[in-house]
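Participant: One structure, as structure tokens, below. Some questions next.
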Amino acid sequence: MSLTLEIVTPDRRAYTGEADSVTLPTALGSIGILKGHLPLTSIIEAGEVVVVLNGKTSRLAVDKGFVRVVSDKVSVVTEAAIDETKIDLKAIEQAEERARQAVEAARGQKEIDPVEIAKIEQILRFAAVQRMVKGRSSSGLTE
Amino acid sequence: MPKGLREIRNRIKSVRSTAQITRAMQLVASSKMKRAQDAAQASRVYAELLGEILDTAISKVGEFSHPLLTKRNVTTRGIILVTADKGLCGPLNGNLIRQAAEIKNASFVCLGRKGSQAIARSGRNLLADFPVSDRVNFNEVRPAAEFLLKAFSEGTVDTVEILYAHFKNTLIQVPRLQQLLPADSLVTQAKELRAKLGLPEPKIEKDEREMIFEPSVEVILNQLPELFFKQAVHQAILEAKASEHSARMVAMKAATDNAKKLAGALSLEYNKARQAAITQEILEITAAASQG
């Protein structure tokens, strides 16, 4: 035990606990945080958070957000986060399908609400990240 | 049966069935209220952490100017009016709409049908209205928040204020007008939010080492206030929902109680009338028998 990690979304506290190391997808690339890291505030891109505790690795898919590291406390605020074990590929497919339908519906219209586009983007982005995280862990199991 | 009796009986029946309906609505509202209160509670954690991150960043940066934080001359106030979609929740919507009517030189953005109807009817300037479901997702609030950010940065409105029913407890909800933009200073805004939520001042861990900002201070401080604004809107709407369902539950409970009381009084009246009719009949029979 050396780091404390918390991941919070608007709906819930997605993760709280201790970790030996945390890997975060920041805007400048993936960074690893270990005990004694310098204070840091950074932007998080949609991607994968890897938490290592006692040799066990767990992964989470996160959306865009912010991270702050202060005195071995890693705090992540993000718009959405989900544990890899809870990722439901079927739900993702449905979400993607809905997004695609929304895109189809919007195609005929002259003016497309930019907010709507951002929403669809977010759904698709988070879906892609979830797939990536899920895919990585399952391929890891077969090795 | 005399006519009066039947009328009373029909009234009792209708009052009882009204009581049944209001009782059902009360139960629905109370289960929704529980969920809304929990949601408001859960999102406080996010608000708290976001505020903390902001505080830490600012304490390490010093002063910073940002369009969302700069005051300007106010010609048009932008008001977000958060009301319920439906009535039957006591004076909740009425109070909000009355307070909204008192605001001069304002453009409105409405969340909730009651508010947009009232604003449209009174001929005020309604910029947009957005639907909000009972389960207030962050994504649902984002269109409204982004619309207002755009209006603010384009100068359509010079302030952004939110008028909603502040949730004090299940029995008390008060309309509250809160200024969101321009946030004169992030720190005071964060403080206000904490005061509103009744949270203690965050203890920023002592770490004297210099903070790294990635990709840069500017980029981070360009995005944080926006997110903070959206979060403030989201939190207000969550609270408004909790207020709405609480108010509806209380109103429906009062309606049920009143209906039961009324049914009791009517039953008493009915029994009295019935007894009077029977006595009358016996008197008539005995009178006829003694005559004959």
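Going by the structure tokens order, chains are called A, B, ..., each with residues numbered from 1, while ligands are numbered from 1 in the order shown.
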So that I can see what lies close to Ser116 of chain B, please list as an MDAnalysis selection string the residues with an atom at most 12 Å from it, counting only C-alpha atoms and leaving out residues fewer than 2 positions away in the same chain.

Facilitator: chainID B and resid 79:86 93 96:97 100 107:114 118:131

Participant: Given the selection you just returned, output its residues as a file containing N, CA and C atoms, formatted as a short mmCIF file (atom, residue, chain, number, x, y, z; two decimals), in the first residue's frame.

Facilitator:
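Output (part-v8.cif):
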```
data_model
loop_
_atom_site.label_atom_id
_atom_site.label_comp_id
_atom_site.auth_asym_id
_atom_site.auth_seq_id
_atom_site.Cartn_x
_atom_site.Cartn_y
_atom_site.Cartn_z
N ILE B 79 -31.32 33.69 -17.01
CA ILE B 79 -31.86 32.94 -15.88
C ILE B 79 -32.20 31.52 -16.32
N ILE B 80 -31.67 30.55 -15.61
CA ILE B 80 -32.10 29.17 -15.82
C ILE B 80 -33.22 28.92 -14.82
N LEU B 81 -34.40 28.63 -15.34
CA LEU B 81 -35.54 28.39 -14.45
C LEU B 81 -35.81 26.89 -14.41
N VAL B 82 -35.62 26.31 -13.25
CA VAL B 82 -35.83 24.87 -13.11
C VAL B 82 -37.15 24.63 -12.41
N THR B 83 -38.11 24.06 -13.13
CA THR B 83 -39.40 23.74 -12.51
C THR B 83 -39.74 22.29 -12.79
N ALA B 84 -40.89 21.87 -12.27
CA ALA B 84 -41.35 20.51 -12.54
C ALA B 84 -42.07 20.49 -13.89
N ASP B 85 -42.23 19.29 -14.44
CA ASP B 85 -43.01 19.15 -15.67
C ASP B 85 -44.50 19.17 -15.36
N LYS B 86 -44.84 18.68 -14.19
CA LYS B 86 -46.25 18.53 -13.83
C LYS B 86 -46.56 19.31 -12.56
N ASN B 93 -44.04 25.11 -7.87
CA ASN B 93 -43.88 25.79 -9.16
C ASN B 93 -44.32 27.24 -9.08
N LEU B 96 -41.72 29.51 -7.63
CA LEU B 96 -40.60 29.73 -8.54
C LEU B 96 -40.99 30.71 -9.63
N ILE B 97 -42.18 30.51 -10.19
CA ILE B 97 -42.62 31.34 -11.31
C ILE B 97 -42.85 32.76 -10.85
N ALA B 100 -39.57 34.36 -10.59
CA ALA B 100 -39.04 34.62 -11.92
C ALA B 100 -39.67 35.86 -12.52
N SER B 107 -33.40 37.11 -19.88
CA SER B 107 -33.75 36.08 -20.85
C SER B 107 -33.77 34.76 -20.10
N PHE B 108 -34.72 33.91 -20.48
CA PHE B 108 -34.88 32.69 -19.70
C PHE B 108 -34.51 31.45 -20.50
N VAL B 109 -33.95 30.51 -19.80
CA VAL B 109 -33.79 29.16 -20.33
C VAL B 109 -34.52 28.26 -19.34
N CYS B 110 -35.48 27.50 -19.83
CA CYS B 110 -36.31 26.75 -18.91
C CYS B 110 -36.03 25.27 -18.96
N LEU B 111 -35.98 24.68 -17.79
CA LEU B 111 -35.92 23.23 -17.67
C LEU B 111 -37.18 22.85 -16.92
N GLY B 112 -38.03 22.08 -17.57
CA GLY B 112 -39.31 21.75 -16.95
C GLY B 112 -40.43 22.50 -17.64
N ARG B 113 -41.52 21.77 -17.93
CA ARG B 113 -42.57 22.32 -18.77
C ARG B 113 -43.32 23.48 -18.11
N LYS B 114 -43.56 23.37 -16.80
CA LYS B 114 -44.36 24.40 -16.11
C LYS B 114 -43.71 25.76 -16.26
N ALA B 118 -45.18 29.07 -18.36
CA ALA B 118 -45.46 30.34 -17.68
C ALA B 118 -44.70 31.49 -18.34
N ILE B 119 -43.44 31.24 -18.70
CA ILE B 119 -42.62 32.30 -19.31
C ILE B 119 -43.18 32.67 -20.68
N ALA B 120 -43.57 31.64 -21.44
CA ALA B 120 -44.12 31.90 -22.78
C ALA B 120 -45.42 32.68 -22.66
N ARG B 121 -46.25 32.31 -21.70
CA ARG B 121 -47.55 32.96 -21.54
C ARG B 121 -47.39 34.42 -21.15
N SER B 122 -46.38 34.70 -20.32
CA SER B 122 -46.22 36.08 -19.86
C SER B 122 -45.45 36.92 -20.87
N GLY B 123 -45.09 36.32 -22.00
CA GLY B 123 -44.45 37.09 -23.06
C GLY B 123 -43.02 37.50 -22.76
N ARG B 124 -42.38 36.79 -21.82
CA ARG B 124 -40.97 37.09 -21.54
C ARG B 124 -40.10 36.45 -22.61
N ASN B 125 -38.84 36.82 -22.58
CA ASN B 125 -37.91 36.32 -23.58
C ASN B 125 -37.42 34.92 -23.20
N LEU B 126 -37.93 33.95 -23.95
CA LEU B 126 -37.56 32.57 -23.68
C LEU B 126 -36.53 32.13 -24.73
N LEU B 127 -35.30 31.94 -24.30
CA LEU B 127 -34.23 31.58 -25.24
C LEU B 127 -34.35 30.13 -25.69
N ALA B 128 -34.61 29.26 -24.75
CA ALA B 128 -34.68 27.84 -25.08
C ALA B 128 -35.31 27.10 -23.92
N ASP B 129 -35.88 25.95 -24.20
CA ASP B 129 -36.20 25.09 -23.07
C ASP B 129 -35.76 23.67 -23.35
N PHE B 130 -35.37 23.01 -22.30
CA PHE B 130 -34.80 21.67 -22.41
C PHE B 130 -35.61 20.71 -21.55
N PRO B 131 -35.82 19.51 -22.04
CA PRO B 131 -36.51 18.53 -21.20
C PRO B 131 -35.53 17.87 -20.24
#
```

Participant: Please provide as a ChimeraX atom specification all residues within 10 Å of Leu148 of chain B, with the sequence filter that same-chain residues fewer than 2 positions apart are discarded (counting only C-alpha atoms).

Facilitator: /B:78-80,109,127-128,142-146,150-154,156-157,159-160,181,230

Participant: Considering only C-alpha atoms, extract the chain A residues located within 8 Å of chain B and return them as a compact mmCIF listing (two decimals) with C-alpha atoms, in the first residue's frame.

Facilitator:
```txt
# COMPACT_ATOMS: atom_id res chain seq x y z
CA VAL A 8 -15.38 9.88 -9.07
CA THR A 9 -18.05 10.44 -11.73
CA PRO A 10 -21.14 12.65 -11.49
CA ASP A 11 -23.27 9.59 -10.75
CA ARG A 12 -21.17 7.75 -8.24
CA ARG A 13 -17.82 7.01 -6.70
CA ALA A 27 -3.39 14.27 -22.73
CA LEU A 28 0.37 13.90 -23.21
CA LEU A 38 5.50 15.19 -7.65
CA PRO A 39 2.23 17.11 -7.24
CA LEU A 40 0.47 17.04 -10.58
CA THR A 41 -2.70 18.33 -12.18
CA SER A 42 -3.41 16.95 -15.61
CA ILE A 43 -6.10 16.38 -18.17
CA VAL A 67 -6.52 14.09 -12.28
CA ARG A 68 -4.74 15.54 -9.31
CA VAL A 70 -0.99 15.39 -4.11
CA SER A 71 1.01 13.65 -1.38
CA SER A 75 -7.92 11.85 -7.40
CA VAL A 77 -12.78 13.21 -11.77
CA GLU A 79 -17.55 12.02 -16.81
CA VAL A 115 -24.54 19.57 -28.53
CA GLU A 116 -26.19 16.48 -29.93
CA LYS A 119 -23.27 13.67 -26.94
```

Participant: Looking at only C-alpha atoms, which of A:Ala99, A:Leu24, A:Ile31, A:Ala46 is the one that sits closest to Arg125 of chain A?

Facilitator: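 That would be A:Ala46, the residue with the smallest distance to Arg125 of chain A.
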
Participant: Run DSSP on the backbone of this structure and report the residues of segment 85-125 of chain A it assigns to alpha helix (DSSP H), as a ChimeraX atom specification.

Facilitator: /A:89-107,114-125

Participant: Please, could you write that set of residues out with C-alpha atoms as a PDB file, in the first residue's frame?

Facilitator:
```pdb
ATOM      1  CA  LEU A  89     -20.353  -5.674 -24.610  1.00  0.00           C
ATOM      2  CA  LYS A  90     -24.024  -6.050 -25.449  1.00  0.00           C
ATOM      3  CA  ALA A  91     -24.883  -2.769 -23.736  1.00  0.00           C
ATOM      4  CA  ILE A  92     -22.058  -1.099 -25.651  1.00  0.00           C
ATOM      5  CA  GLU A  93     -23.377  -2.468 -28.924  1.00  0.00           C
ATOM      6  CA  GLN A  94     -26.815  -1.134 -28.123  1.00  0.00           C
ATOM      7  CA  ALA A  95     -25.405   2.265 -27.196  1.00  0.00           C
ATOM      8  CA  GLU A  96     -23.403   2.379 -30.419  1.00  0.00           C
ATOM      9  CA  GLU A  97     -26.452   1.356 -32.399  1.00  0.00           C
ATOM     10  CA  ARG A  98     -28.496   4.126 -30.822  1.00  0.00           C
ATOM     11  CA  ALA A  99     -25.750   6.618 -31.590  1.00  0.00           C
ATOM     12  CA  ARG A 100     -25.578   5.438 -35.182  1.00  0.00           C
ATOM     13  CA  GLN A 101     -29.330   5.804 -35.530  1.00  0.00           C
ATOM     14  CA  ALA A 102     -29.107   9.310 -34.153  1.00  0.00           C
ATOM     15  CA  VAL A 103     -26.445  10.092 -36.745  1.00  0.00           C
ATOM     16  CA  GLU A 104     -28.663   8.664 -39.498  1.00  0.00           C
ATOM     17  CA  ALA A 105     -31.609  10.703 -38.290  1.00  0.00           C
ATOM     18  CA  ALA A 106     -29.494  13.846 -38.209  1.00  0.00           C
ATOM     19  CA  ARG A 107     -28.120  13.337 -41.706  1.00  0.00           C
ATOM     20  CA  PRO A 114     -23.584  20.633 -32.023  1.00  0.00           C
ATOM     21  CA  VAL A 115     -24.541  19.574 -28.529  1.00  0.00           C
ATOM     22  CA  GLU A 116     -26.189  16.480 -29.930  1.00  0.00           C
ATOM     23  CA  ILE A 117     -23.020  15.691 -31.862  1.00  0.00           C
ATOM     24  CA  ALA A 118     -20.930  16.045 -28.729  1.00  0.00           C
ATOM     25  CA  LYS A 119     -23.267  13.674 -26.941  1.00  0.00           C
ATOM     26  CA  ILE A 120     -23.010  11.081 -29.691  1.00  0.00           C
ATOM     27  CA  GLU A 121     -19.258  11.544 -29.753  1.00  0.00           C
ATOM     28  CA  GLN A 122     -19.105  10.899 -26.057  1.00  0.00           C
ATOM     29  CA  ILE A 123     -21.150   7.719 -26.343  1.00  0.00           C
ATOM     30  CA  LEU A 124     -19.026   6.403 -29.178  1.00  0.00           C
ATOM     31  CA  ARG A 125     -15.774   7.421 -27.529  1.00  0.00           C
TER      32      ARG A 125
END
```

Participant: One decimal, in Å: what's the spacing between atom CA of Ala287 of chain B and atom CA of Arg6 of chain B?

Facilitator: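 We find that atom CA of Ala287 of chain B and atom CA of Arg6 of chain B lie 26.6 Å from each other.
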